[in-house]
6 protein chains.
Amino acid sequence: MPRFGGPATMMRLPTQETAKGLDACFVGIPMDIGTSNRPGTRLGPRQIRDESRMLRPYNMATGAAPFDHLQVADIGDVPINTFDLKSSVGIIETHYDQILSAGAIPLTLGGDHTLTWPILRAMKNAHGPVALIHVDAHADINETMFGEKVAHGCPFRRAWEDGCLDNNRVFQIGLRGTGYSRDDFDWSRTQGWTVVQAEECWYRSMAPLMQQVRDTVQDMPVYISFDIDSLDPAFAPGTGTVEPGGLSTWQALEIVRGCSNLNIVGCDLVEVSPPYDPTGNTALIGANLLYEMLCVLPNVPQGTTTP
Amino acid sequence: MPRFGGPATMMRLPTQETAKGLDACFVGIPMDIGTSNRPGTRLGPRQIRDESRMLRPYNMATGAAPFDHLQVADIGDVPINTFDLKSSVGIIETHYDQILSAGAIPLTLGGDHTLTWPILRAMKNAHGPVALIHVDAHADINETMFGEKVAHGCPFRRAWEDGCLDNNRVFQIGLRGTGYSRDDFDWSRTQGWTVVQAEECWYRSMAPLMQQVRDTVQDMPVYISFDIDSLDPAFAPGTGTVEPGGLSTWQALEIVRGCSNLNIVGCDLVEVSPPYDPTGNTALIGANLLYEMLCVLPNVPQGTTTP
Amino acid sequence: MPRFGGPATMMRLPTQETAKGLDACFVGIPMDIGTSNRPGTRLGPRQIRDESRMLRPYNMATGAAPFDHLQVADIGDVPINTFDLKSSVGIIETHYDQILSAGAIPLTLGGDHTLTWPILRAMKNAHGPVALIHVDAHADINETMFGEKVAHGCPFRRAWEDGCLDNNRVFQIGLRGTGYSRDDFDWSRTQGWTVVQAEECWYRSMAPLMQQVRDTVQDMPVYISFDIDSLDPAFAPGTGTVEPGGLSTWQALEIVRGCSNLNIVGCDLVEVSPPYDPTGNTALIGANLLYEMLCVLPNVPQGTTTP
Amino acid sequence: MPRFGGPATMMRLPTQETAKGLDACFVGIPMDIGTSNRPGTRLGPRQIRDESRMLRPYNMATGAAPFDHLQVADIGDVPINTFDLKSSVGIIETHYDQILSAGAIPLTLGGDHTLTWPILRAMKNAHGPVALIHVDAHADINETMFGEKVAHGCPFRRAWEDGCLDNNRVFQIGLRGTGYSRDDFDWSRTQGWTVVQAEECWYRSMAPLMQQVRDTVQDMPVYISFDIDSLDPAFAPGTGTVEPGGLSTWQALEIVRGCSNLNIVGCDLVEVSPPYDPTGNTALIGANLLYEMLCVLPNVPQGTTTP
Amino acid sequence: MPRFGGPATMMRLPTQETAKGLDACFVGIPMDIGTSNRPGTRLGPRQIRDESRMLRPYNMATGAAPFDHLQVADIGDVPINTFDLKSSVGIIETHYDQILSAGAIPLTLGGDHTLTWPILRAMKNAHGPVALIHVDAHADINETMFGEKVAHGCPFRRAWEDGCLDNNRVFQIGLRGTGYSRDDFDWSRTQGWTVVQAEECWYRSMAPLMQQVRDTVQDMPVYISFDIDSLDPAFAPGTGTVEPGGLSTWQALEIVRGCSNLNIVGCDLVEVSPPYDPTGNTALIGANLLYEMLCVLPNVPQGTTTP
Amino acid sequence: MPRFGGPATMMRLPTQETAKGLDACFVGIPMDIGTSNRPGTRLGPRQIRDESRMLRPYNMATGAAPFDHLQVADIGDVPINTFDLKSSVGIIETHYDQILSAGAIPLTLGGDHTLTWPILRAMKNAHGPVALIHVDAHADINETMFGEKVAHGCPFRRAWEDGCLDNNRVFQIGLRGTGYSRDDFDWSRTQGWTVVQAEECWYRSMAPLMQQVRDTVQDMPVYISFDIDSLDPAFAPGTGTVEPGGLSTWQALEIVRGCSNLNIVGCDLVEVSPPYDPTGNTALIGANLLYEMLCVLPNVPQGTTTP
Ligand SMILES: [Mn+2]
Ligand SMILES: [Mn+2]
Ligand SMILES: [Mn+2]
Ligand SMILES: [Mn+2]
Ligand SMILES: [Mn+2]
Ligand SMILES: [Mn+2]
Ligand SMILES: [Mn+2]
Ligand SMILES: [Mn+2]
Ligand SMILES: [Mn+2]
Ligand SMILES: [Mn+2]
Ligand SMILES: [Mn+2]
Ligand SMILES: [Mn+2]
């Protein structure tokens with residue numbers, strides 16, 4: 001079968017309805033009603049799956065062979081209520097409680113970033129407070145957006161309120177752009193979180209930073225939330241709230257690969273907006289990053305690296 | 001000033017903050033969270049305004065010169081809550097109560113079709129039940145969509161429940177496509193509404209139908225709600241819930257021009273979705289249809305027609 | 001589940017690996033190596049499935065409710081050899097022999113038009129020579145293209161050579177454009193086929209023509225092959241060999257609906273090329289036409305028509 | 001050679017530097033600095049040539065075989081001054097004087113409509129005043145645009161001033177949209193020209209109109225100027241000054257084919273704007289219409305028509 | 001109001017007709033008739049304004065809060081003559097004389113680069129010769145282009161001829177590509193200007209260069225002219241004369257931020273071409289760079305930098 | 001003549017039918033039937049030529065002036081059989097035998113990467129085994145793809161089998177992504193080839209690597225095969241098998257410029273796919289890289305470098 005034929009599942013994996021029996025699962029959340037600017041992330045899961053079609057099982061850079069060590073499937077999408085954001089948040093939390101109770105690690109195809117709040121609530125339900133590696137152009141810690149507490153600019157404030165986070169082990173990487181005051185990023189710092197602004201990353205490898213992340217997180221349960229808008233729009237044009245001066249895919253790959261040997265309990269890749277991705281390449285990059293996350297899950301040995 | 005320069009207001013009209021002193025006003029509702037399929041209508045008002053730049057004041061086909069007879073301005077957008085559809089509905093109703101209390105006729109740049117429900121509520125507040133000329137691929141009379149009563153597939157059911165409509169003077173033109181049962185359109189008929197399916201329109205002029213509409217509506221207050229997806233996607237590709245086999249722009253122009261000499265109390269043009277409109281032409285057509293609506297408002301004389 | 005979520009199967013139908021137990025099945029052929037101009041139809045099946053997501057079960061125009069009468073599933077794609085056209089032709093024939101031996105009627109999502117030749121060979125294997133309703137801008141009866149006998153401009157010449165067709169019951173509708181001589185269409189006429197050039201269709205209903213088709217075909221097994229380029233590019237821009245002056249979707253719907261009460265043994269919808277379909281609307285129209293074909297299969301009662 | 005290979009000349013014709021020895025020639029004018037709205041027609045000639053690649057020599061609808069009767073080549077582009085519109089007008093006139101002195105009939109690939117003025121001046125130099133068949137959404141008879149006499153809204157006013165036109169044999173077909181007063185079209189009528197507004201064309205064949213055109217023009221030298229924006233944007237999205245409610249390609253083909261047996265001295269196809277033509281189909285239609293013009297040139301016999 | 005609603009002014013600022021009372025103003029020049037290749041910059045000002053909608057007042061990287069220190073508005077567009085480039089140049093100079101006489105610093109939204117010549121003439125009228133920081137892929141110092149002295153490849157030659165520049169304080173950064181001879185860049189060097197070719201910038205921070213610029217310029221009046229094509233097309237695809245191997249947005253931000261504490265008298269951001277910017281991201285980056293220019297104007301304190 | 005006018009040949013060079021009398025020639029291969037994912041490279045040669053229109057003769061970075069030293073023309077396209085890949089391979093080999101027998105160095109505009117195999121066979125016919133500088137995201141050394149030996153993932157395996165390569169002087173640069181096992185790249189290493197994975201290139205100049213390449217290759221005949229997908233999709237979105245984490249155009253230019261003073265016998269630039277290149281910029285970059293290859297051919301002196 002040509003790779004562009006056959007069912008459009010994530011990496012052409014088999015599907016199943018629930019996470020039962022799986023070590024890890026891909027799951028989509030077709031949602032964009034939490035976005036504050038350009039819409040379209042509701043179509044993210046379908047396009048990420050479609051563009052994942054060229055992904056082969058072996059990671060040429062790291063030597064990881066995740067399917068030799070993990071049972072993985074695509075368990076489809078969360079049936080959100082596309083007319084009610086607040087209701088959808090509840091649907092998501094319940095859905096992830098079920099995934100986690102099956103013992104599977106969810107890798108989420110977003111969807112707007114609002115979805116990370118209910119996932120982190122489910123994470124806390126299962127694991128207690130978790131460490132967080134949050135890669136994004138934005139801090140997403142607004143108290144409210146236009147008066148609302150549920151929106152894609154607020155998930156980490158809500159998760160913090162709910163005690164989902166281990167504040168000494170929260171990293172926000174790639175932040176930049178414009179805001180209302182210095183406190184837009186300093187609020188995070190005040191909570192004990194580590195903020196790495198995009199300017200600190202320019203022209204350089206992320207390997208040293210990730211060493212520091214690994215040293216800090218150690219064996220705590222850790223969640224990875226990767227907003228594709230952390231990338232510079234040169235690398236990821238297809239998203240809704242674009243900020244120039246961002247990360248490169250070189251850095252993005254180093255960040256995800258730098259999460260090896262951690263106790264990862266879940267991951268998401270959010271904010272891919274197909275209507276702003278005329279070539280499909282942003283979705284393709286999202287698919288690659290999700291695959292790289294799979295490659296660093298617990299129990300996946302890292303091979304010999306690039307010579 | 002070149003027409004592509006200067007402020008991007010509707011038809012390059014002056015702006016004002018309220019409808020005070022106006023006979024008619026253009027007003028935008030940048031909303032898409034009520035849509036059930038492709039998003040993007042939140043950007044409709046901006047693109048309709050931008051693409052209205054070539055519209056000149058005189059209607060070469062009908063001889064109407066609306067600005068000689070009406071005071072018109074662009075009064076900007078309704079400040080909806082983009083994170084809460086139900087809350088937005090209330091904001092819209094209040095906003096239109098104010099416009100109507102100023103005595104202006106609103107011409108609305110949508111926005112998804114959910115917005116017509118609160119506008120019709122405001123219409124009823126001001127005028128009592130109104131006649132309705134509803135041009136659409138869809139009946140939009142669902143009791144609910146995925147369990148929700150507020151959605152772009154439900155506005156006319158809600159308006160009917162609220163007693164906003166004069167059931168003997170409701171016309172639904174252009175309906176087609178797939179549904180769940182015959183009742184999807186027959187519910188309308190049961191209420192006394194006139195349903196004109198798209199198939200009845202193919203290959204023919206809409207002038208006879210509009211004569212019948214005018215004969216029925218007479219001097220009742222009448223509202224025009226024009227969903228751009230009533231047009232075949234050949235003519236209006238840039239929308240979210242596409243149904244082939246629709247109306248042509250020839251017919252659309254005949255329908256709007258056929259509303260002359262009616263007691264029009266308000267109009268909307270909804271469901272233009274810029275991300276699916278790569279040339280901008282769907283927004284441009286929307287702008288033209290809004291202009292044509294302006295040309296048939298009360299007190300605008302119709303000139304000599306095309307020889 | 002929102003309609004843009006969940007598995008991207010045709011009409012969100014369940015999938016199965018074979019046609020066993022089905023009355024009808026959707027099957028994709030992701031092929032474009034037979035095309036002589038713009039490529040891209042290899043991606044047609046995936047995009048047609050994706051854009052079929054808004055299709056509901058009941059046909060509002062004809063009253064058909066196919067799923068009340070037929071067992072239908074999406075059986076996935078034919079595993080063609082994308083590097084060898086001639087080899088792929090053999091794979092297709094074998095695949096359809098199996099579908100037909102299961103007793104299911106295949107509705108094919110193309111793919112370039114080369115695929116109809118091996119399907120018609122399988123049809124002959126199962127049913128003997130069949131009547132043909134071929135809707136296309138092109139006759140596709142070239143002896144060769146650039147010296148090759150297997151190409152998207154030759155399938156009906158090959159099928160004729162192989163004795164697959166009942167020459168007195170072959171209709172080619174929508175032909176137009178440029179050629180090498182009058183014989184490009186007259187060859188068909190010489191075989192006894194009926195050629196209806198596009199010019200004969202302009203501005204008029206196809207209902208009378210389809211009455212004539214039905215009167216001629218009677219209860220012979222009949223195959224429908226619908227090349228999306230039969231439509232004018234206004235209606236179906238997303239295809240590879242565009243000819244202006246074509247059919248409208250109004251006519252296309254009349255043609256397919258006019259095939260009711262025939263003994264249809266198979267159908268295809270070919271030549272949708274997603275790279276030339278920036279809105280997805282051509283794929284959406286293709287999906288609708290495939291649904292309309294399902295609605296006229298044997299044993300699907302036609303309801304009361306539009307009043 | 002595949003049709004998408006080889007030199008991108010018009011219809012893959014041979015090229016030559018001048019019109020010497022030719023009966024007819026294709027010539028491009030890569031100009032858009034005369035446009036009042038969206039730019040891009042400077043790229044029209046290149047894209048029309050590229051998309052002409054599927055055109056074969058024989059006209060299946062009319063039986064014309066122009067290359068059996070005429071010596072034709074592509075003579076390249078006019079070297080306009082892209083920084084100075086007024087200067088370019090002079091360059092064009094001189095260039096066409098040379099073409100006409102070689103005895104060739106020029107078929108022009110535009111470029112914005114300003115170019116027709118200098119071509120008509122050259123026509124007058126060679127033939128005296130000519131009859132005109134002008135197909136357009138706009139009358140293009142403005143005295144000035146923003147104070148300028150040279151612009152794409154003025155060519156026919158300038159040609160009239162210069163005595164290039166036989167006022168009793170001027171036809172303007174497809175006019176519509178908005179203007180400044182009734183006089184925008186009536187000025188033409190005052191000169192004795194025949195104005196056929198688009199509304200008069202809706203839903204009907206152009207054959208009767210073209211019979212009237214032929215009866216009037218008789219054997220006068222006649223020039224055809226075809227602005228692609230005469231077509232409805234459904235049929236020709238890729239242009240700069242879009243007006244809904246226009247002609248169909250069915251009608252466009254009837255108009256050009258209806259010019260057979262006239263004494264055509266030149267033709268142009270203008271206002272194709274590739275940046276607004278994402279599929280290339282507008283350029284392709286432009287190429288087809290230029291081919292149809294070639295098919296009705298003097299000395300090309302019309303074959304038996306469609307049965 | 002959602003950020004995608006409301007008037008599409010630069011940064012959603014209030015508008016006023018003149019620069020009276022302002023410290024700085026945004027002003028658009030909707031011009032592309034000076035371009036030598038792809039058109040479209042006439043639409044630049046509108047799209048830059050539209051895509052500026054997410055810009056918030058505080059600069060998270062530099063701590064600048066320009067609106068706390070400066071009175072700023074959007075004063076709309078210059079009414080150029082879109083049919084005459086030479087005439088437009090005069091209109092622009094006069095317009096900027098008025099802005100400068102009001103005491104405001106203009107930040108210009110282009111528009112093709114021709115516009116910088118008349119602006120520099122106005123600068124000289126107000127300030128005498130100015131220092132120049134010119135970021136571009138091209139030197140734009142051609143004596144003529146195709147015989148014309150006014151074109152987007154000539155503004156700095158013209159400004160030099162007119163004595164607008166302080167030759168010891170002119171920097172051209174990012175130059176690259178192909179030319180006619182070594183002298184294409186060495187002419188600048190001969191005048192005493194500093195040319196920094198793109199190759200000298202690859203892989204490295206611009207901070208040291210900007211230190212050198214500041215040391216040289218000192219407190220001279222200085223003008224910043226930023227051609228978006230200085231960026232590599234990866235970062236800024238939406239422009240007309242693309243040269244690979246350019247600057248990154250990381251470097252662009254460093255360059256503009258490196259202009260702090262200078263005596264800036266005006267700035268422009270030119271050559272954004274929306275038809276070649278399908279996502280809008282190039283316009284968005286242009287908007288960001290204009291905001292960054294605002295942040296380094298005199299009297300805007302720079303805050304504490306990124307930790 | 002404006003650069004966007006005139007014949008769309010490579011760099012606006014003159015054309016000739018054969019390579020006779022040339023030192024170097026540009027030649028296109030309009031082929032995509034060897035591709036395993038997105039199609040479209042059949043249109044690569046036409047779009048590369050079109051977008052080469054701004055290339056001027058002098059290399060501002062290296063001082064090369066190739067046309068002062070070499071006789072160069074565009075000799076058009078290879079007449080492949082677009083319906084048969086295996087047959088096309090033979091046509092290509094024969095075509096290049098003829099070019100080489102004329103003594104010209106071919107610079108090839110692809111086309112999918114399958115084409116390099118027959119070119120390398122022709123190279124061996126003329127020169128014996130050659131050194132190879134292969135820049136690509138993929139090793140393209142598959143024994144088969146889906147059972148086929150001729151495909152764009154196999155050319156270098158086939159060339160190796162045929163003894164076309166000097167195994168001690170083969171460099172593969174930019175490899176990355178996913179595969180089936182470590183051996184996907186180690187097979188190359190086993191043959192003695194040098195594999196430089198993309199990760200080894202991140203953030204750094206390619207100059208040291210190219211010094212090593214030159215030291216190894218010395219004066220052996222060397223062929224350069226540049227797959228545009230070696231570039232990160234940020235830099236070259238318009239290709240079919242995209243892998244994130246690739247090279248930048250900065251590095252690409254360094255690689256090609258680093259090939260100066262070698263005994264280059266041929267070059268290709270492959271895998272540009274116009275349907276995935278909405279701005280044309282990928283084709284433009286391809287055109288630039290082909291020009292840079294011309295600049296390093298034997299007998300072209302390198303000028304003084306950037307100061
Ligand atoms: Mn986020
Ligand atoms: Mn973000
Ligand atoms: Mn509706
Ligand atoms: Mn609708
Ligand atoms: Mn066909
Ligand atoms: Mn066809
Ligand atoms: Mn015109
Ligand atoms: Mn026009
Ligand atoms: Mn410049
Ligand atoms: Mn430049
Ligand atoms: Mn390759
Ligand atoms: Mn490759």
# chains A, B, ... in the order shown; residues from 1 in each chain; ligands from 1
$ residues_around --residues "Val242 (chain B)" --least-positions-apart "3" --cutoff "12 Å" --atoms "only C-alpha atoms" --output "short mmCIF file (atom, residue, chain, number, x, y, z; two decimals) with N, CA, C and O atoms, in the first residue's frame"
data_model
loop_
_atom_site.label_atom_id
_atom_site.label_comp_id
_atom_site.auth_asym_id
_atom_site.auth_seq_id
_atom_site.Cartn_x
_atom_site.Cartn_y
_atom_site.Cartn_z
N SER B 36 -20.57 24.38 13.11
CA SER B 36 -20.45 22.93 13.34
C SER B 36 -19.41 22.26 12.47
O SER B 36 -19.15 21.08 12.62
N ASN B 37 -18.81 23.01 11.57
CA ASN B 37 -17.82 22.39 10.69
C ASN B 37 -16.60 23.30 10.58
O ASN B 37 -16.02 23.65 11.60
N ARG B 38 -16.20 23.71 9.38
CA ARG B 38 -15.03 24.57 9.24
C ARG B 38 -15.23 25.91 9.94
O ARG B 38 -16.26 26.56 9.77
N ASP B 136 -30.62 30.26 2.24
CA ASP B 136 -29.66 29.39 2.93
C ASP B 136 -29.67 28.02 2.24
O ASP B 136 -30.65 27.64 1.61
N ALA B 137 -28.57 27.29 2.36
CA ALA B 137 -28.59 25.87 1.99
C ALA B 137 -29.29 25.02 3.04
O ALA B 137 -29.69 23.89 2.76
N HIS B 138 -29.39 25.57 4.25
CA HIS B 138 -29.87 24.80 5.39
C HIS B 138 -31.08 25.48 6.00
O HIS B 138 -31.18 26.71 5.99
N LEU B 175 -32.78 25.71 0.12
CA LEU B 175 -32.48 24.55 0.97
C LEU B 175 -32.17 23.31 0.13
O LEU B 175 -32.77 23.09 -0.92
N ARG B 176 -31.25 22.49 0.67
CA ARG B 176 -30.83 21.32 -0.12
C ARG B 176 -29.96 20.42 0.75
O ARG B 176 -29.80 20.65 1.94
N GLY B 177 -29.40 19.40 0.10
CA GLY B 177 -28.38 18.57 0.74
C GLY B 177 -28.94 17.37 1.46
O GLY B 177 -29.98 16.82 1.08
N THR B 178 -28.21 16.98 2.49
CA THR B 178 -28.56 15.77 3.23
C THR B 178 -29.09 16.12 4.61
O THR B 178 -28.82 17.20 5.14
N ASP B 227 -27.60 33.62 4.16
CA ASP B 227 -26.44 32.77 4.43
C ASP B 227 -25.72 32.56 3.10
O ASP B 227 -26.30 32.04 2.15
N ILE B 228 -24.45 32.95 3.06
CA ILE B 228 -23.71 32.87 1.79
C ILE B 228 -23.62 31.44 1.30
O ILE B 228 -23.40 31.22 0.10
N ASP B 229 -23.83 30.45 2.18
CA ASP B 229 -23.78 29.07 1.70
C ASP B 229 -25.03 28.68 0.91
O ASP B 229 -25.10 27.57 0.37
N SER B 230 -26.00 29.57 0.82
CA SER B 230 -27.10 29.34 -0.11
C SER B 230 -26.57 29.28 -1.54
O SER B 230 -27.11 28.57 -2.38
N LEU B 231 -25.54 30.03 -1.79
CA LEU B 231 -24.91 29.99 -3.11
C LEU B 231 -24.21 28.66 -3.32
O LEU B 231 -23.65 28.07 -2.39
N ASP B 232 -24.18 28.21 -4.54
CA ASP B 232 -23.38 27.06 -4.88
C ASP B 232 -21.91 27.38 -4.56
O ASP B 232 -21.47 28.52 -4.73
N PRO B 233 -21.13 26.38 -4.13
CA PRO B 233 -19.73 26.68 -3.83
C PRO B 233 -18.94 27.18 -5.03
O PRO B 233 -17.89 27.79 -4.85
N ALA B 234 -19.41 26.96 -6.25
CA ALA B 234 -18.75 27.59 -7.40
C ALA B 234 -18.74 29.10 -7.22
O ALA B 234 -17.75 29.76 -7.52
N PHE B 235 -19.84 29.63 -6.72
CA PHE B 235 -19.99 31.08 -6.62
C PHE B 235 -19.45 31.61 -5.29
O PHE B 235 -18.99 32.74 -5.22
N ALA B 236 -19.53 30.80 -4.25
CA ALA B 236 -19.11 31.26 -2.91
C ALA B 236 -18.35 30.15 -2.22
O ALA B 236 -18.85 29.53 -1.28
N PRO B 237 -17.10 29.92 -2.63
CA PRO B 237 -16.36 28.82 -2.01
C PRO B 237 -16.01 29.05 -0.55
O PRO B 237 -15.83 28.08 0.19
N GLY B 238 -15.93 30.30 -0.13
CA GLY B 238 -15.37 30.61 1.18
C GLY B 238 -16.36 30.55 2.31
O GLY B 238 -16.65 31.57 2.93
N THR B 239 -16.84 29.37 2.62
CA THR B 239 -17.79 29.22 3.72
C THR B 239 -17.57 27.86 4.35
O THR B 239 -16.78 27.06 3.86
N GLY B 245 -24.92 22.23 -5.56
CA GLY B 245 -26.26 22.32 -6.15
C GLY B 245 -27.02 23.55 -5.73
O GLY B 245 -28.25 23.56 -5.73
N GLY B 246 -26.31 24.63 -5.41
CA GLY B 246 -26.96 25.81 -4.84
C GLY B 246 -27.30 26.88 -5.85
O GLY B 246 -27.28 26.68 -7.06
N GLU B 271 -21.83 33.86 7.38
CA GLU B 271 -21.12 32.61 7.06
C GLU B 271 -20.00 32.77 6.02
O GLU B 271 -19.51 31.77 5.49
N VAL B 272 -19.53 33.99 5.78
CA VAL B 272 -18.31 34.15 4.98
C VAL B 272 -17.11 33.76 5.83
O VAL B 272 -16.89 34.32 6.90
N SER B 273 -16.32 32.81 5.35
CA SER B 273 -15.17 32.30 6.10
C SER B 273 -13.88 32.55 5.34
O SER B 273 -13.50 31.78 4.46
N TYR B 276 -11.17 30.04 3.97
CA TYR B 276 -11.55 29.18 2.85
C TYR B 276 -11.85 29.99 1.60
O TYR B 276 -12.55 29.53 0.71
N GLU C 51 -13.61 15.19 3.44
CA GLU C 51 -14.64 16.19 3.17
C GLU C 51 -16.05 15.59 3.13
O GLU C 51 -17.02 16.31 2.96
N SER C 52 -16.15 14.28 3.29
CA SER C 52 -17.49 13.65 3.34
C SER C 52 -18.12 13.78 4.72
O SER C 52 -19.20 13.28 4.96
N ARG C 53 -17.44 14.50 5.61
CA ARG C 53 -17.84 14.43 7.02
C ARG C 53 -19.19 15.06 7.35
O ARG C 53 -19.78 14.75 8.38
N MET C 54 -19.68 15.94 6.50
CA MET C 54 -20.98 16.56 6.79
C MET C 54 -22.15 15.80 6.16
O MET C 54 -23.30 16.22 6.32
N LEU C 55 -21.89 14.73 5.47
CA LEU C 55 -22.98 14.00 4.80
C LEU C 55 -23.82 13.25 5.82
O LEU C 55 -23.32 12.41 6.57
N THR C 279 -9.69 24.90 -1.34
CA THR C 279 -10.75 24.94 -0.32
C THR C 279 -11.23 23.57 0.09
O THR C 279 -11.99 23.45 1.05
N GLY C 280 -10.88 22.53 -0.64
CA GLY C 280 -11.44 21.20 -0.38
C GLY C 280 -12.81 20.99 -1.00
O GLY C 280 -13.38 19.91 -0.88
N ASN C 281 -13.34 22.00 -1.67
CA ASN C 281 -14.71 21.88 -2.14
C ASN C 281 -14.88 20.89 -3.28
O ASN C 281 -15.95 20.28 -3.41
N THR C 282 -13.86 20.71 -4.11
CA THR C 282 -14.00 19.72 -5.19
C THR C 282 -14.12 18.32 -4.59
O THR C 282 -14.96 17.52 -5.03
N ALA C 283 -13.31 18.04 -3.59
CA ALA C 283 -13.43 16.74 -2.91
C ALA C 283 -14.80 16.60 -2.26
O ALA C 283 -15.42 15.54 -2.29
N LEU C 284 -15.29 17.68 -1.68
CA LEU C 284 -16.61 17.65 -1.05
C LEU C 284 -17.70 17.34 -2.09
O LEU C 284 -18.62 16.55 -1.83
N ILE C 285 -17.60 17.93 -3.24
CA ILE C 285 -18.58 17.66 -4.30
C ILE C 285 -18.46 16.20 -4.74
O ILE C 285 -19.46 15.51 -4.95
N ALA C 287 -17.53 13.75 -2.89
CA ALA C 287 -18.17 12.95 -1.84
C ALA C 287 -19.68 12.98 -1.98
O ALA C 287 -20.36 11.95 -1.84
N ASN C 288 -20.23 14.14 -2.28
CA ASN C 288 -21.67 14.24 -2.46
C ASN C 288 -22.15 13.40 -3.64
O ASN C 288 -23.20 12.73 -3.55
#
$ select_by_dssp --residues "region 115-195 of chain B" --states "alpha helix (DSSP H)" --output "ChimeraX atom specification"
/B:116-127,155-161,183-190
$ residues_around --residues "Gln218 (chain F)" --least-positions-apart "4" --cutoff "8 Å" --atoms "only C-alpha atoms" --output "VMD selection string"
chain F and resid 214 262 to 263
$ write_last_selection --atoms "C-alpha atoms" --output "short mmCIF file (atom, residue, chain, number, x, y, z; two decimals), in the first residue's frame"
data_model
loop_
_atom_site.label_atom_id
_atom_site.label_comp_id
_atom_site.auth_asym_id
_atom_site.auth_seq_id
_atom_site.Cartn_x
_atom_site.Cartn_y
_atom_site.Cartn_z
CA ARG F 214 37.61 19.20 -1.43
CA LEU F 262 36.67 20.81 -8.17
CA ASN F 263 36.40 18.90 -11.41
#
$ residues_around --residues "region 191-198 of chain D" --least-positions-apart "5" --cutoff "7 Å" --atoms "only C-alpha atoms" --output "PyMOL selection string"
chain D and resi 167-176+246-247
$ closest_residue --among "A:Arg42, A:His113, A:Lys20, A:His152" --to "chain C" --atoms "only C-alpha atoms"
A:Arg42
$ interface_residues --of "chain A" --to "chain F" --cutoff "6 Å" --atoms "only C-alpha atoms" --output "PyMOL selection string"
chain A and resi 56-60+234-235+249-250+279
$ write_last_selection --atoms "C-alpha atoms" --output "tab-separated table (two decimals), in the first residue's frame"
chain	number	residue	atom	x	y	z
A	56	ARG	CA	8.80	5.09	9.82
A	57	PRO	CA	9.42	3.22	13.09
A	58	TYR	CA	13.13	3.83	13.71
A	59	ASN	CA	14.61	7.15	14.84
A	60	MET	CA	17.72	7.66	12.73
A	234	ALA	CA	9.34	30.34	9.48
A	235	PHE	CA	9.31	26.80	10.81
A	249	THR	CA	12.98	22.86	14.52
A	250	TRP	CA	16.61	22.10	15.32
A	279	THR	CA	1.53	23.01	2.42
$ residues_around --residues "Thr9 (chain D)" --least-positions-apart "4" --cutoff "12 Å" --atoms "only C-alpha atoms" --output "JSON, numbers by chain"
{"D": [3, 4, 5, 13, 14, 15, 16, 25, 26, 27, 28, 45, 46, 47, 48, 49, 50, 51, 52, 53, 54, 55, 73, 74, 75, 76, 77, 109, 287], "F": [6, 7, 8, 9, 46]}
$ residues_around --residues "Glu93 (chain A)" --least-positions-apart "4" --cutoff "6 Å" --atoms "only C-alpha atoms" --output "PyMOL selection string"
chain A and resi 118-119+122
